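S.K.: I have a structure I would like to understand better, so I am pasting it below and will then ask my questions one at a time.
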Amino acid sequence: MKNAKTPRDLRYAQLVDRMTPNSRHLRGCVRAFWVGGLICALGQALTMLAQRLELGEVTAPMFTSCALIFLGTTLTGLGVYDRIGKYAGAGSVVPITGFANSVAAPAIEFRREGMVLGLGAKLFQIAGPVLTYGISSSILVGFVYWVAKEWLL
């Protein structure tokens, strides 16, 4: 095997360099930071509203989660969350609204295929592994906690 590049390889490398868009990491990080922060600030405001309505220490976070999931799903259905995602990147994916988007988007996309093969089959296409991992790990941690509490402590 030879290590020298042929003129064709060099021309191809120049073409790739010319056609590849410049990366704008700093701009992407700033956008993700402020949009994700805005979503989290909205969540905090909802929690404070729930506490002001005297929903309780346990109920207030549930109210906040439900409100953010509803908002994320509604914005996905209206096609707005996709634009937010293109603008903010990970800033829109990391909060709970991004999870709601990842559940709703495949269901909306494949609804024409019917309720079972479209909506039912695609509803958990992206979120399914996340839910499986979360539920499985919580069962494992709960079992380890129970064993430690019963026999070790």
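Numbering starts fresh at 1 for the residues of each chain in the structure tokens, the chains themselves are lettered A, B, ... in the order given, and ligands are numbered from 1 as they appear.
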Do a neighbour search on region 15-26 of chain A at 12 Å with only C-alpha atoms, toss out local chain neighbours closer than 6 positions, and write the hits as a PyMOL selection string.

M.R.: chain A and resi 8-9+32-33+88-89

S.K.: Residues as selected, N, CA, C and O atoms, written as a short mmCIF file (atom, residue, chain, number, x, y, z; two decimals), in the first residue's frame, can you do that?

M.R.:
```cif
data_model
loop_
_atom_site.label_atom_id
_atom_site.label_comp_id
_atom_site.auth_asym_id
_atom_site.auth_seq_id
_atom_site.Cartn_x
_atom_site.Cartn_y
_atom_site.Cartn_z
N ARG A 8 -5.96 13.06 -7.84
CA ARG A 8 -7.41 12.94 -7.70
C ARG A 8 -7.83 13.06 -6.23
O ARG A 8 -8.81 13.73 -5.91
N ASP A 9 -7.08 12.41 -5.33
CA ASP A 9 -7.36 12.50 -3.89
C ASP A 9 -7.20 13.93 -3.39
O ASP A 9 -7.99 14.40 -2.57
N ALA A 32 -28.51 27.45 22.52
CA ALA A 32 -28.97 26.36 23.38
C ALA A 32 -29.09 26.82 24.83
O ALA A 32 -30.05 26.48 25.52
N PHE A 33 -28.13 27.61 25.28
CA PHE A 33 -28.13 28.07 26.67
C PHE A 33 -29.34 28.96 26.96
O PHE A 33 -30.05 28.76 27.94
N ALA A 88 -32.43 26.27 18.43
CA ALA A 88 -31.76 26.12 19.71
C ALA A 88 -30.99 24.82 19.87
O ALA A 88 -30.19 24.70 20.80
N GLY A 89 -31.22 23.84 19.04
CA GLY A 89 -30.51 22.58 19.17
C GLY A 89 -30.80 21.89 20.48
O GLY A 89 -31.96 21.70 20.86
#
```

S.K.: Sorted by chain and rising residue number, which residues of region 3-48 of chain A lie within 12 Å of region 53-56 of chain A, and what are their closest atom pairs and distances in Å to one decimal, counting only C-alpha atoms, as JSON lines?

M.R.:
```
{"residue": "A:Leu46", "atom": "CA", "partner": "A:Leu53", "partner_atom": "CA", "distance": 10.4}
{"residue": "A:Thr47", "atom": "CA", "partner": "A:Leu55", "partner_atom": "CA", "distance": 9.5}
{"residue": "A:Met48", "atom": "CA", "partner": "A:Leu53", "partner_atom": "CA", "distance": 8.6}
```

S.K.: Kindly export the residues of the current selection with C-alpha atoms, as a JSON list (two decimals), in the first residue's frame.

M.R.:
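Contents of again.json, as written:
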```json
[["chain", "number", "residue", "atom", "x", "y", "z"],
["A", 46, "LEU", "CA", -45.01, 27.39, 36.88],
["A", 47, "THR", "CA", -43.76, 25.77, 40.09],
["A", 48, "MET", "CA", -43.96, 29.08, 41.92]]
```

S.K.: Quick one: residues within 9 Å of Asp82 (chain A), only C-alpha atoms, excluding same-chain residues fewer than 6 positions away - as a PyMOL selection string?

M.R.: chain A and resi 75-76+101

S.K.: Using only C-alpha atoms, which of the listed residues (A:Gly85, A:Gly98, A:Gly91, A:Pro129) sits closest to Leu68 (chain A)?

M.R.: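 That would be A:Gly98, the residue with the smallest distance to Leu68 (chain A).
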
S.K.: With only C-alpha atoms as the atoms that count, which of A:Ala50, A:Ala90, A:Ala13, A:Ala67 lies nearest to Trp34 (chain A)?

M.R.: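 The shortest atom-to-atom distance to Trp34 (chain A) comes from A:Ala90.
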
S.K.: What's the separation between CA of Tyr87 (chain A) and CA of Arg31 (chain A), in Å to one decimal place?

M.R.: 7.1 Å

S.K.: Taking into account only C-alpha atoms, which residue in the set A:Gly134, A:Gly77, A:Gly43, A:Pro95 is nearest to Glu109 (chain A)?

M.R.: A:Gly77

S.K.: Would you list, as a VMD selection string, the residues of chain A that end up in helix (DSSP H, G or I) under DSSP run on this structure's backbone?

M.R.: chain A and resid 7 to 19 25 to 52 59 to 77 80 to 88 90 to 93 96 to 109 111 to 113 115 to 122 127 to 152

S.K.: Would you compute the distance between CA of Leu49 (chain A) and CA of Met62 (chain A)? Give it in Å to one decimal.

M.R.: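 CA of Leu49 (chain A) sits 12.4 Å away from CA of Met62 (chain A).
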
S.K.: To one decimal in Å, tell me the separation between CA of Val103 (chain A) and CA of Cys66 (chain A).

M.R.: 14.2 Å
